[in-house]
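Source file query.pdb; content: PDB, N, CA and C atoms.
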```pdb
ATOM      1  N   MET V1050     -39.915  30.269  56.655
ATOM      2  CA  MET V1050     -40.112  30.236  55.220
ATOM      3  C   MET V1050     -39.606  28.895  54.679
ATOM      4  N   LEU V1051     -40.351  28.324  53.732
ATOM      5  CA  LEU V1051     -39.956  27.053  53.146
ATOM      6  C   LEU V1051     -38.783  27.236  52.195
ATOM      7  N   THR V1052     -37.872  26.280  52.226
ATOM      8  CA  THR V1052     -36.770  26.283  51.271
ATOM      9  C   THR V1052     -37.273  25.730  49.950
ATOM     10  N   PRO V1053     -36.548  25.963  48.853
ATOM     11  CA  PRO V1053     -37.003  25.416  47.567
ATOM     12  C   PRO V1053     -37.200  23.903  47.589
ATOM     13  N   VAL V1054     -36.356  23.174  48.299
ATOM     14  CA  VAL V1054     -36.498  21.719  48.369
ATOM     15  C   VAL V1054     -37.777  21.349  49.111
ATOM     16  N   SER V1055     -38.047  21.994  50.234
ATOM     17  CA  SER V1055     -39.255  21.654  50.984
ATOM     18  C   SER V1055     -40.507  22.098  50.234
ATOM     19  N   GLU V1056     -40.434  23.172  49.450
ATOM     20  CA  GLU V1056     -41.574  23.575  48.619
ATOM     21  C   GLU V1056     -41.856  22.506  47.566
ATOM     22  N   GLU V1057     -40.811  21.960  46.988
ATOM     23  CA  GLU V1057     -40.970  20.905  45.987
ATOM     24  C   GLU V1057     -41.605  19.661  46.614
ATOM     25  N   ILE V1058     -41.167  19.302  47.806
ATOM     26  CA  ILE V1058     -41.728  18.136  48.506
ATOM     27  C   ILE V1058     -43.191  18.387  48.839
ATOM     28  N   ALA V1059     -43.509  19.579  49.323
ATOM     29  CA  ALA V1059     -44.897  19.912  49.656
ATOM     30  C   ALA V1059     -45.791  19.822  48.422
ATOM     31  N   ARG V1060     -45.307  20.301  47.282
ATOM     32  CA  ARG V1060     -46.077  20.205  46.039
ATOM     33  C   ARG V1060     -46.296  18.740  45.639
ATOM     34  N   GLU V1061     -45.264  17.929  45.805
ATOM     35  CA  GLU V1061     -45.381  16.515  45.444
ATOM     36  C   GLU V1061     -46.362  15.789  46.357
ATOM     37  N   ILE V1062     -46.343  16.102  47.643
ATOM     38  CA  ILE V1062     -47.290  15.492  48.580
ATOM     39  C   ILE V1062     -48.712  15.863  48.186
ATOM     40  N   ALA V1063     -48.947  17.139  47.893
ATOM     41  CA  ALA V1063     -50.277  17.584  47.468
ATOM     42  C   ALA V1063     -50.704  16.863  46.201
ATOM     43  N   TYR V1064     -49.788  16.740  45.250
ATOM     44  CA  TYR V1064     -50.075  16.047  43.986
ATOM     45  C   TYR V1064     -50.428  14.585  44.243
ATOM     46  N   ARG V1065     -49.665  13.926  45.091
ATOM     47  CA  ARG V1065     -49.920  12.508  45.370
ATOM     48  C   ARG V1065     -51.257  12.309  46.060
ATOM     49  N   LEU V1066     -51.619  13.208  46.965
ATOM     50  CA  LEU V1066     -52.922  13.101  47.624
ATOM     51  C   LEU V1066     -54.046  13.217  46.607
ATOM     52  N   ARG V1067     -53.936  14.177  45.708
ATOM     53  CA  ARG V1067     -54.958  14.360  44.679
ATOM     54  C   ARG V1067     -55.045  13.119  43.780
ATOM     55  N   GLN V1068     -53.889  12.574  43.411
ATOM     56  CA  GLN V1068     -53.866  11.386  42.554
ATOM     57  C   GLN V1068     -54.522  10.186  43.240
ATOM     58  N   LEU V1069     -54.231  10.003  44.518
ATOM     59  CA  LEU V1069     -54.839   8.891  45.254
ATOM     60  C   LEU V1069     -56.356   9.028  45.292
ATOM     61  N   ARG V1070     -56.830  10.233  45.595
ATOM     62  CA  ARG V1070     -58.275  10.459  45.676
ATOM     63  C   ARG V1070     -58.934  10.223  44.319
ATOM     64  N   GLN V1071     -58.371  10.802  43.295
ATOM     65  CA  GLN V1071     -58.964  10.673  41.963
ATOM     66  C   GLN V1071     -58.910   9.233  41.444
ATOM     67  N   ALA V1072     -57.824   8.531  41.739
ATOM     68  CA  ALA V1072     -57.701   7.140  41.288
ATOM     69  C   ALA V1072     -58.780   6.255  41.904
ATOM     70  N   ARG V1073     -59.227   6.631  43.086
ATOM     71  CA  ARG V1073     -60.268   5.843  43.759
ATOM     72  C   ARG V1073     -61.666   6.364  43.452
ATOM     73  N   GLY V1074     -61.738   7.474  42.732
ATOM     74  CA  GLY V1074     -63.034   8.024  42.338
ATOM     75  C   GLY V1074     -63.771   8.738  43.455
ATOM     76  N   TYR V1075     -63.062   9.188  44.479
ATOM     77  CA  TYR V1075     -63.692   9.879  45.606
ATOM     78  C   TYR V1075     -63.813  11.370  45.318
ATOM     79  N   THR V1076     -64.911  11.950  45.776
ATOM     80  CA  THR V1076     -65.060  13.398  45.705
ATOM     81  C   THR V1076     -64.443  14.009  46.966
ATOM     82  N   LEU V1077     -64.241  15.322  46.921
ATOM     83  CA  LEU V1077     -63.745  16.027  48.107
ATOM     84  C   LEU V1077     -64.707  15.825  49.270
ATOM     85  N   GLN V1078     -66.002  15.873  48.985
ATOM     86  CA  GLN V1078     -67.008  15.717  50.034
ATOM     87  C   GLN V1078     -66.972  14.312  50.638
ATOM     88  N   GLU V1079     -66.788  13.299  49.807
ATOM     89  CA  GLU V1079     -66.724  11.923  50.324
ATOM     90  C   GLU V1079     -65.536  11.751  51.266
ATOM     91  N   VAL V1080     -64.400  12.327  50.913
ATOM     92  CA  VAL V1080     -63.222  12.231  51.784
ATOM     93  C   VAL V1080     -63.508  12.941  53.097
ATOM     94  N   TYR V1081     -64.098  14.122  53.022
ATOM     95  CA  TYR V1081     -64.416  14.860  54.253
ATOM     96  C   TYR V1081     -65.388  14.074  55.123
ATOM     97  N   ASP V1082     -66.438  13.548  54.518
ATOM     98  CA  ASP V1082     -67.436  12.799  55.287
ATOM     99  C   ASP V1082     -66.824  11.596  55.991
ATOM    100  N   ALA V1083     -65.883  10.936  55.338
ATOM    101  CA  ALA V1083     -65.279   9.722  55.895
ATOM    102  C   ALA V1083     -64.160  10.017  56.893
ATOM    103  N   THR V1084     -63.448  11.137  56.703
ATOM    104  CA  THR V1084     -62.252  11.387  57.517
ATOM    105  C   THR V1084     -62.321  12.646  58.375
ATOM    106  N   GLY V1085     -63.195  13.566  58.025
ATOM    107  CA  GLY V1085     -63.244  14.847  58.723
ATOM    108  C   GLY V1085     -62.142  15.801  58.277
ATOM    109  N   VAL V1086     -61.437  15.444  57.200
ATOM    110  CA  VAL V1086     -60.329  16.265  56.689
ATOM    111  C   VAL V1086     -60.819  17.046  55.475
ATOM    112  N   HIS V1087     -60.649  18.365  55.524
ATOM    113  CA  HIS V1087     -60.933  19.232  54.374
ATOM    114  C   HIS V1087     -59.733  19.144  53.445
ATOM    115  N   ILE V1088     -59.819  18.304  52.458
ATOM    116  CA  ILE V1088     -58.655  17.981  51.642
ATOM    117  C   ILE V1088     -58.396  18.963  50.497
ATOM    118  N   ALA V1089     -59.366  19.751  50.124
ATOM    119  CA  ALA V1089     -59.188  20.650  48.976
ATOM    120  C   ALA V1089     -57.984  21.570  49.153
ATOM    121  N   ARG V1090     -57.847  22.187  50.308
ATOM    122  CA  ARG V1090     -56.715  23.089  50.536
ATOM    123  C   ARG V1090     -55.401  22.323  50.608
ATOM    124  N   LEU V1091     -55.440  21.104  51.103
ATOM    125  CA  LEU V1091     -54.211  20.299  51.157
ATOM    126  C   LEU V1091     -53.776  19.925  49.748
ATOM    127  N   GLU V1092     -54.734  19.512  48.925
ATOM    128  CA  GLU V1092     -54.409  19.140  47.549
ATOM    129  C   GLU V1092     -53.910  20.336  46.742
ATOM    130  N   ALA V1093     -54.363  21.520  47.092
ATOM    131  CA  ALA V1093     -53.936  22.727  46.394
ATOM    132  C   ALA V1093     -52.639  23.284  46.980
ATOM    133  N   ASN V1094     -52.115  22.602  47.988
ATOM    134  CA  ASN V1094     -50.886  23.018  48.664
ATOM    135  C   ASN V1094     -51.036  24.419  49.250
ATOM    136  N   ARG V1095     -52.210  24.697  49.809
ATOM    137  CA  ARG V1095     -52.482  25.998  50.417
ATOM    138  C   ARG V1095     -52.658  25.903  51.925
ATOM    139  N   ALA V1096     -52.377  24.729  52.467
ATOM    140  CA  ALA V1096     -52.477  24.531  53.909
ATOM    141  C   ALA V1096     -51.440  23.504  54.327
ATOM    142  N   ASN V1097     -50.920  23.687  55.515
ATOM    143  CA  ASN V1097     -49.981  22.713  56.068
ATOM    144  C   ASN V1097     -50.769  21.559  56.669
ATOM    145  N   MET V1098     -50.156  20.396  56.666
ATOM    146  CA  MET V1098     -50.818  19.255  57.284
ATOM    147  C   MET V1098     -49.880  18.596  58.279
ATOM    148  N   THR V1099     -50.468  17.906  59.217
ATOM    149  CA  THR V1099     -49.676  17.158  60.181
ATOM    150  C   THR V1099     -49.459  15.743  59.656
ATOM    151  N   VAL V1100     -48.521  15.072  60.256
ATOM    152  CA  VAL V1100     -48.298  13.671  59.901
ATOM    153  C   VAL V1100     -49.539  12.858  60.260
ATOM    154  N   ALA V1101     -50.200  13.222  61.353
ATOM    155  CA  ALA V1101     -51.416  12.508  61.755
ATOM    156  C   ALA V1101     -52.506  12.640  60.685
ATOM    157  N   THR V1102     -52.658  13.823  60.093
ATOM    158  CA  THR V1102     -53.641  14.020  59.034
ATOM    159  C   THR V1102     -53.270  13.197  57.810
ATOM    160  N   LEU V1103     -52.006  13.220  57.450
ATOM    161  CA  LEU V1103     -51.556  12.430  56.308
ATOM    162  C   LEU V1103     -51.781  10.941  56.557
ATOM    163  N   ALA V1104     -51.517  10.489  57.772
ATOM    164  CA  ALA V1104     -51.739   9.078  58.107
ATOM    165  C   ALA V1104     -53.225   8.725  58.000
ATOM    166  N   THR V1105     -54.093   9.622  58.436
ATOM    167  CA  THR V1105     -55.540   9.397  58.325
ATOM    168  C   THR V1105     -55.949   9.233  56.871
ATOM    169  N   LEU V1106     -55.445  10.114  56.028
ATOM    170  CA  LEU V1106     -55.781  10.046  54.607
ATOM    171  C   LEU V1106     -55.221   8.782  53.956
ATOM    172  N   CYS V1107     -53.997   8.433  54.296
ATOM    173  CA  CYS V1107     -53.405   7.215  53.728
ATOM    174  C   CYS V1107     -54.179   5.976  54.160
ATOM    175  N   ARG V1108     -54.618   5.942  55.412
ATOM    176  CA  ARG V1108     -55.447   4.813  55.867
ATOM    177  C   ARG V1108     -56.737   4.751  55.053
ATOM    178  N   TYR V1109     -57.363   5.890  54.860
ATOM    179  CA  TYR V1109     -58.610   5.929  54.093
ATOM    180  C   TYR V1109     -58.379   5.466  52.653
ATOM    181  N   TYR V1110     -57.261   5.861  52.077
ATOM    182  CA  TYR V1110     -56.931   5.465  50.711
ATOM    183  C   TYR V1110     -56.286   4.085  50.640
ATOM    184  N   GLU V1111     -56.137   3.437  51.791
ATOM    185  CA  GLU V1111     -55.534   2.104  51.887
ATOM    186  C   GLU V1111     -54.148   2.072  51.256
ATOM    187  N   THR V1112     -53.359   3.086  51.611
ATOM    188  CA  THR V1112     -51.990   3.218  51.120
ATOM    189  C   THR V1112     -51.059   3.391  52.305
ATOM    190  N   PRO V1113     -50.122   2.490  52.517
ATOM    191  CA  PRO V1113     -49.180   2.642  53.622
ATOM    192  C   PRO V1113     -48.362   3.935  53.466
ATOM    193  N   LEU V1114     -48.052   4.562  54.579
ATOM    194  CA  LEU V1114     -47.241   5.785  54.542
ATOM    195  C   LEU V1114     -45.921   5.543  53.823
ATOM    196  N   ALA V1115     -45.320   4.403  54.047
ATOM    197  CA  ALA V1115     -44.046   4.108  53.387
ATOM    198  C   ALA V1115     -44.206   4.107  51.872
ATOM    199  N   THR V1116     -45.293   3.573  51.381
ATOM    200  CA  THR V1116     -45.566   3.573  49.952
ATOM    201  C   THR V1116     -45.810   4.995  49.456
ATOM    202  N   PHE V1117     -46.563   5.765  50.238
ATOM    203  CA  PHE V1117     -46.859   7.150  49.867
ATOM    204  C   PHE V1117     -45.573   7.951  49.677
ATOM    205  N   PHE V1118     -44.604   7.740  50.554
ATOM    206  CA  PHE V1118     -43.363   8.512  50.511
ATOM    207  C   PHE V1118     -42.288   7.894  49.618
ATOM    208  N   GLN V1119     -42.556   6.735  49.061
ATOM    209  CA  GLN V1119     -41.565   6.057  48.225
ATOM    210  C   GLN V1119     -41.150   6.965  47.068
ATOM    211  N   ASP V1120     -39.841   7.054  46.854
ATOM    212  CA  ASP V1120     -39.250   7.839  45.770
ATOM    213  C   ASP V1120     -39.529   9.341  45.854
ATOM    214  N   LEU V1121     -39.805   9.837  47.048
ATOM    215  CA  LEU V1121     -40.066  11.271  47.189
ATOM    216  C   LEU V1121     -38.778  12.041  47.266
TER     217      LEU V1121
END
```
Would you mind writing the file's structure down as structure tokens?
Amino acid sequence: MLTPVSEEIAREIAYRLRQLRQARGYTLQEVYDATGVHIARLEANRANMTVATLATLCRYYETPLATFFQDL
């Protein structure tokens, strides 16, 4: 079971992923077509993700992982 702190972090990660996608004007389908990642459930914080999946998305969004996690 997730602790309250890890739930907060998971929500923030989901929020940041959604913000990155929307800031670039990508649709859910465009992200899937380019990366093979079904991002809707990740953005809704309804699925767990691996670091490898997060790295794939950050590469696609041209955002370094260190930047993604800054101030988290």
Using DSSP assignments from the backbone, pull out every residue in chain V that falls under alpha helix (DSSP H) and give it to me as a PDB file with N, CA and C atoms, in the coordinates of the input.
```pdb
ATOM      1  N   PRO V1053     -36.548  25.963  48.853  1.00  0.00           N
ATOM      2  CA  PRO V1053     -37.003  25.416  47.567  1.00  0.00           C
ATOM      3  C   PRO V1053     -37.200  23.903  47.589  1.00  0.00           C
ATOM      4  N   VAL V1054     -36.356  23.174  48.299  1.00  0.00           N
ATOM      5  CA  VAL V1054     -36.498  21.719  48.369  1.00  0.00           C
ATOM      6  C   VAL V1054     -37.777  21.349  49.111  1.00  0.00           C
ATOM      7  N   SER V1055     -38.047  21.994  50.234  1.00  0.00           N
ATOM      8  CA  SER V1055     -39.255  21.654  50.984  1.00  0.00           C
ATOM      9  C   SER V1055     -40.507  22.098  50.234  1.00  0.00           C
ATOM     10  N   GLU V1056     -40.434  23.172  49.450  1.00  0.00           N
ATOM     11  CA  GLU V1056     -41.574  23.575  48.619  1.00  0.00           C
ATOM     12  C   GLU V1056     -41.856  22.506  47.566  1.00  0.00           C
ATOM     13  N   GLU V1057     -40.811  21.960  46.988  1.00  0.00           N
ATOM     14  CA  GLU V1057     -40.970  20.905  45.987  1.00  0.00           C
ATOM     15  C   GLU V1057     -41.605  19.661  46.614  1.00  0.00           C
ATOM     16  N   ILE V1058     -41.167  19.302  47.806  1.00  0.00           N
ATOM     17  CA  ILE V1058     -41.728  18.136  48.506  1.00  0.00           C
ATOM     18  C   ILE V1058     -43.191  18.387  48.839  1.00  0.00           C
ATOM     19  N   ALA V1059     -43.509  19.579  49.323  1.00  0.00           N
ATOM     20  CA  ALA V1059     -44.897  19.912  49.656  1.00  0.00           C
ATOM     21  C   ALA V1059     -45.791  19.822  48.422  1.00  0.00           C
ATOM     22  N   ARG V1060     -45.307  20.301  47.282  1.00  0.00           N
ATOM     23  CA  ARG V1060     -46.077  20.205  46.039  1.00  0.00           C
ATOM     24  C   ARG V1060     -46.296  18.740  45.639  1.00  0.00           C
ATOM     25  N   GLU V1061     -45.264  17.929  45.805  1.00  0.00           N
ATOM     26  CA  GLU V1061     -45.381  16.515  45.444  1.00  0.00           C
ATOM     27  C   GLU V1061     -46.362  15.789  46.357  1.00  0.00           C
ATOM     28  N   ILE V1062     -46.343  16.102  47.643  1.00  0.00           N
ATOM     29  CA  ILE V1062     -47.290  15.492  48.580  1.00  0.00           C
ATOM     30  C   ILE V1062     -48.712  15.863  48.186  1.00  0.00           C
ATOM     31  N   ALA V1063     -48.947  17.139  47.893  1.00  0.00           N
ATOM     32  CA  ALA V1063     -50.277  17.584  47.468  1.00  0.00           C
ATOM     33  C   ALA V1063     -50.704  16.863  46.201  1.00  0.00           C
ATOM     34  N   TYR V1064     -49.788  16.740  45.250  1.00  0.00           N
ATOM     35  CA  TYR V1064     -50.075  16.047  43.986  1.00  0.00           C
ATOM     36  C   TYR V1064     -50.428  14.585  44.243  1.00  0.00           C
ATOM     37  N   ARG V1065     -49.665  13.926  45.091  1.00  0.00           N
ATOM     38  CA  ARG V1065     -49.920  12.508  45.370  1.00  0.00           C
ATOM     39  C   ARG V1065     -51.257  12.309  46.060  1.00  0.00           C
ATOM     40  N   LEU V1066     -51.619  13.208  46.965  1.00  0.00           N
ATOM     41  CA  LEU V1066     -52.922  13.101  47.624  1.00  0.00           C
ATOM     42  C   LEU V1066     -54.046  13.217  46.607  1.00  0.00           C
ATOM     43  N   ARG V1067     -53.936  14.177  45.708  1.00  0.00           N
ATOM     44  CA  ARG V1067     -54.958  14.360  44.679  1.00  0.00           C
ATOM     45  C   ARG V1067     -55.045  13.119  43.780  1.00  0.00           C
ATOM     46  N   GLN V1068     -53.889  12.574  43.411  1.00  0.00           N
ATOM     47  CA  GLN V1068     -53.866  11.386  42.554  1.00  0.00           C
ATOM     48  C   GLN V1068     -54.522  10.186  43.240  1.00  0.00           C
ATOM     49  N   LEU V1069     -54.231  10.003  44.518  1.00  0.00           N
ATOM     50  CA  LEU V1069     -54.839   8.891  45.254  1.00  0.00           C
ATOM     51  C   LEU V1069     -56.356   9.028  45.292  1.00  0.00           C
ATOM     52  N   ARG V1070     -56.830  10.233  45.595  1.00  0.00           N
ATOM     53  CA  ARG V1070     -58.275  10.459  45.676  1.00  0.00           C
ATOM     54  C   ARG V1070     -58.934  10.223  44.319  1.00  0.00           C
ATOM     55  N   GLN V1071     -58.371  10.802  43.295  1.00  0.00           N
ATOM     56  CA  GLN V1071     -58.964  10.673  41.963  1.00  0.00           C
ATOM     57  C   GLN V1071     -58.910   9.233  41.444  1.00  0.00           C
ATOM     58  N   ALA V1072     -57.824   8.531  41.739  1.00  0.00           N
ATOM     59  CA  ALA V1072     -57.701   7.140  41.288  1.00  0.00           C
ATOM     60  C   ALA V1072     -58.780   6.255  41.904  1.00  0.00           C
ATOM     61  N   ARG V1073     -59.227   6.631  43.086  1.00  0.00           N
ATOM     62  CA  ARG V1073     -60.268   5.843  43.759  1.00  0.00           C
ATOM     63  C   ARG V1073     -61.666   6.364  43.452  1.00  0.00           C
ATOM     64  N   LEU V1077     -64.241  15.322  46.921  1.00  0.00           N
ATOM     65  CA  LEU V1077     -63.745  16.027  48.107  1.00  0.00           C
ATOM     66  C   LEU V1077     -64.707  15.825  49.270  1.00  0.00           C
ATOM     67  N   GLN V1078     -66.002  15.873  48.985  1.00  0.00           N
ATOM     68  CA  GLN V1078     -67.008  15.717  50.034  1.00  0.00           C
ATOM     69  C   GLN V1078     -66.972  14.312  50.638  1.00  0.00           C
ATOM     70  N   GLU V1079     -66.788  13.299  49.807  1.00  0.00           N
ATOM     71  CA  GLU V1079     -66.724  11.923  50.324  1.00  0.00           C
ATOM     72  C   GLU V1079     -65.536  11.751  51.266  1.00  0.00           C
ATOM     73  N   VAL V1080     -64.400  12.327  50.913  1.00  0.00           N
ATOM     74  CA  VAL V1080     -63.222  12.231  51.784  1.00  0.00           C
ATOM     75  C   VAL V1080     -63.508  12.941  53.097  1.00  0.00           C
ATOM     76  N   TYR V1081     -64.098  14.122  53.022  1.00  0.00           N
ATOM     77  CA  TYR V1081     -64.416  14.860  54.253  1.00  0.00           C
ATOM     78  C   TYR V1081     -65.388  14.074  55.123  1.00  0.00           C
ATOM     79  N   ASP V1082     -66.438  13.548  54.518  1.00  0.00           N
ATOM     80  CA  ASP V1082     -67.436  12.799  55.287  1.00  0.00           C
ATOM     81  C   ASP V1082     -66.824  11.596  55.991  1.00  0.00           C
ATOM     82  N   ALA V1083     -65.883  10.936  55.338  1.00  0.00           N
ATOM     83  CA  ALA V1083     -65.279   9.722  55.895  1.00  0.00           C
ATOM     84  C   ALA V1083     -64.160  10.017  56.893  1.00  0.00           C
ATOM     85  N   THR V1084     -63.448  11.137  56.703  1.00  0.00           N
ATOM     86  CA  THR V1084     -62.252  11.387  57.517  1.00  0.00           C
ATOM     87  C   THR V1084     -62.321  12.646  58.375  1.00  0.00           C
ATOM     88  N   ILE V1088     -59.819  18.304  52.458  1.00  0.00           N
ATOM     89  CA  ILE V1088     -58.655  17.981  51.642  1.00  0.00           C
ATOM     90  C   ILE V1088     -58.396  18.963  50.497  1.00  0.00           C
ATOM     91  N   ALA V1089     -59.366  19.751  50.124  1.00  0.00           N
ATOM     92  CA  ALA V1089     -59.188  20.650  48.976  1.00  0.00           C
ATOM     93  C   ALA V1089     -57.984  21.570  49.153  1.00  0.00           C
ATOM     94  N   ARG V1090     -57.847  22.187  50.308  1.00  0.00           N
ATOM     95  CA  ARG V1090     -56.715  23.089  50.536  1.00  0.00           C
ATOM     96  C   ARG V1090     -55.401  22.323  50.608  1.00  0.00           C
ATOM     97  N   LEU V1091     -55.440  21.104  51.103  1.00  0.00           N
ATOM     98  CA  LEU V1091     -54.211  20.299  51.157  1.00  0.00           C
ATOM     99  C   LEU V1091     -53.776  19.925  49.748  1.00  0.00           C
ATOM    100  N   GLU V1092     -54.734  19.512  48.925  1.00  0.00           N
ATOM    101  CA  GLU V1092     -54.409  19.140  47.549  1.00  0.00           C
ATOM    102  C   GLU V1092     -53.910  20.336  46.742  1.00  0.00           C
ATOM    103  N   VAL V1100     -48.521  15.072  60.256  1.00  0.00           N
ATOM    104  CA  VAL V1100     -48.298  13.671  59.901  1.00  0.00           C
ATOM    105  C   VAL V1100     -49.539  12.858  60.260  1.00  0.00           C
ATOM    106  N   ALA V1101     -50.200  13.222  61.353  1.00  0.00           N
ATOM    107  CA  ALA V1101     -51.416  12.508  61.755  1.00  0.00           C
ATOM    108  C   ALA V1101     -52.506  12.640  60.685  1.00  0.00           C
ATOM    109  N   THR V1102     -52.658  13.823  60.093  1.00  0.00           N
ATOM    110  CA  THR V1102     -53.641  14.020  59.034  1.00  0.00           C
ATOM    111  C   THR V1102     -53.270  13.197  57.810  1.00  0.00           C
ATOM    112  N   LEU V1103     -52.006  13.220  57.450  1.00  0.00           N
ATOM    113  CA  LEU V1103     -51.556  12.430  56.308  1.00  0.00           C
ATOM    114  C   LEU V1103     -51.781  10.941  56.557  1.00  0.00           C
ATOM    115  N   ALA V1104     -51.517  10.489  57.772  1.00  0.00           N
ATOM    116  CA  ALA V1104     -51.739   9.078  58.107  1.00  0.00           C
ATOM    117  C   ALA V1104     -53.225   8.725  58.000  1.00  0.00           C
ATOM    118  N   THR V1105     -54.093   9.622  58.436  1.00  0.00           N
ATOM    119  CA  THR V1105     -55.540   9.397  58.325  1.00  0.00           C
ATOM    120  C   THR V1105     -55.949   9.233  56.871  1.00  0.00           C
ATOM    121  N   LEU V1106     -55.445  10.114  56.028  1.00  0.00           N
ATOM    122  CA  LEU V1106     -55.781  10.046  54.607  1.00  0.00           C
ATOM    123  C   LEU V1106     -55.221   8.782  53.956  1.00  0.00           C
ATOM    124  N   CYS V1107     -53.997   8.433  54.296  1.00  0.00           N
ATOM    125  CA  CYS V1107     -53.405   7.215  53.728  1.00  0.00           C
ATOM    126  C   CYS V1107     -54.179   5.976  54.160  1.00  0.00           C
ATOM    127  N   ARG V1108     -54.618   5.942  55.412  1.00  0.00           N
ATOM    128  CA  ARG V1108     -55.447   4.813  55.867  1.00  0.00           C
ATOM    129  C   ARG V1108     -56.737   4.751  55.053  1.00  0.00           C
ATOM    130  N   TYR V1109     -57.363   5.890  54.860  1.00  0.00           N
ATOM    131  CA  TYR V1109     -58.610   5.929  54.093  1.00  0.00           C
ATOM    132  C   TYR V1109     -58.379   5.466  52.653  1.00  0.00           C
ATOM    133  N   LEU V1114     -48.052   4.562  54.579  1.00  0.00           N
ATOM    134  CA  LEU V1114     -47.241   5.785  54.542  1.00  0.00           C
ATOM    135  C   LEU V1114     -45.921   5.543  53.823  1.00  0.00           C
ATOM    136  N   ALA V1115     -45.320   4.403  54.047  1.00  0.00           N
ATOM    137  CA  ALA V1115     -44.046   4.108  53.387  1.00  0.00           C
ATOM    138  C   ALA V1115     -44.206   4.107  51.872  1.00  0.00           C
ATOM    139  N   THR V1116     -45.293   3.573  51.381  1.00  0.00           N
ATOM    140  CA  THR V1116     -45.566   3.573  49.952  1.00  0.00           C
ATOM    141  C   THR V1116     -45.810   4.995  49.456  1.00  0.00           C
ATOM    142  N   PHE V1117     -46.563   5.765  50.238  1.00  0.00           N
ATOM    143  CA  PHE V1117     -46.859   7.150  49.867  1.00  0.00           C
ATOM    144  C   PHE V1117     -45.573   7.951  49.677  1.00  0.00           C
ATOM    145  N   PHE V1118     -44.604   7.740  50.554  1.00  0.00           N
ATOM    146  CA  PHE V1118     -43.363   8.512  50.511  1.00  0.00           C
ATOM    147  C   PHE V1118     -42.288   7.894  49.618  1.00  0.00           C
TER     148      PHE V1118
END
```
Discussion item. List as an MDAnalysis selection string the protein and nucleic acid residues near Arg1065 of chain V, meaning an atom at most 8 Å away when all atoms listed in the file are counted, but skip any in the same chain fewer than 6 places from it.
Written reply: chainID V and resid 1059 1071 1092 1117
Discussion item. Measuring between only C-alpha atoms, which one of V:Asn1097, V:Asp1082, V:Ala1104, V:Tyr1075 shows the shortest distance to Thr1116 of chain V?
Written reply: V:Ala1104
Practice prompt. For atom C of Arg1095 of chain V and atom CA of Leu1077 of chain V, quote the distance in Å rounded to one decimal.
Written response: 15.3 Å
Discussion item. Residues proximal to (-53.3, 8.4, 48.4) were defined as those with any atom within 7 Å of that point in the file's coordinates, counting only C-alpha atoms. Which are they, as a PyMOL selection string?
Written reply: chain V and resi 1065-1066+1068-1070+1106-1107+1110+1112+1117
Response to the item:
Atom pair atom CA of Ala1115 of chain V + atom CA of Asn1094 of chain V, distance 20.7 Å
Discussion item. For a quick check of understanding, using only C-alpha atoms, which of V:Ile1062, V:Thr1052, V:Ala1096, V:Glu1057 has the smallest distance to Phe1118 of chain V?
Written reply: V:Ile1062
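Interatomic distance, atom N of Arg1060 of chain V to atom C of Met1098 of chain V: 12.0 Å.
Counting only C-alpha atoms, the residue from V:Glu1079, V:Ala1093, V:Ala1101, V:Gly1085 that sits nearest to Arg1067 of chain V is V:Ala1093.
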Saving segment 1073-1098 of chain V with C-alpha atoms, as a PDB file, in the first residue's frame, what would that file be?
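Result file out14.pdb:
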```pdb
ATOM      1  CA  ARG V1073       3.520  20.511 -26.448  1.00  0.00           C
ATOM      2  CA  GLY V1074       0.031  20.150 -27.905  1.00  0.00           C
ATOM      3  CA  TYR V1075       0.198  16.351 -28.204  1.00  0.00           C
ATOM      4  CA  THR V1076      -2.878  14.164 -28.063  1.00  0.00           C
ATOM      5  CA  LEU V1077      -2.962  10.889 -26.148  1.00  0.00           C
ATOM      6  CA  GLN V1078      -2.987   9.079 -29.492  1.00  0.00           C
ATOM      7  CA  GLU V1079       0.069  10.966 -30.777  1.00  0.00           C
ATOM      8  CA  VAL V1080       2.050  10.010 -27.671  1.00  0.00           C
ATOM      9  CA  TYR V1081       0.996   6.379 -28.042  1.00  0.00           C
ATOM     10  CA  ASP V1082       1.862   6.302 -31.741  1.00  0.00           C
ATOM     11  CA  ALA V1083       5.320   7.755 -31.084  1.00  0.00           C
ATOM     12  CA  THR V1084       6.202   5.860 -27.892  1.00  0.00           C
ATOM     13  CA  GLY V1085       3.927   2.837 -27.582  1.00  0.00           C
ATOM     14  CA  VAL V1086       2.942   4.081 -24.100  1.00  0.00           C
ATOM     15  CA  HIS V1087      -0.747   4.283 -23.161  1.00  0.00           C
ATOM     16  CA  ILE V1088      -0.413   7.500 -21.223  1.00  0.00           C
ATOM     17  CA  ALA V1089      -4.047   8.164 -20.291  1.00  0.00           C
ATOM     18  CA  ARG V1090      -3.989   5.827 -17.286  1.00  0.00           C
ATOM     19  CA  LEU V1091      -0.596   7.153 -16.203  1.00  0.00           C
ATOM     20  CA  GLU V1092      -1.804  10.746 -16.360  1.00  0.00           C
ATOM     21  CA  ALA V1093      -4.879   9.777 -14.352  1.00  0.00           C
ATOM     22  CA  ASN V1094      -2.624   8.107 -11.771  1.00  0.00           C
ATOM     23  CA  ARG V1095      -4.489   4.825 -12.272  1.00  0.00           C
ATOM     24  CA  ALA V1096      -1.495   2.753 -13.317  1.00  0.00           C
ATOM     25  CA  ASN V1097       2.024   2.272 -12.060  1.00  0.00           C
ATOM     26  CA  MET V1098       4.891   3.076 -14.355  1.00  0.00           C
TER      27      MET V1098
END
```
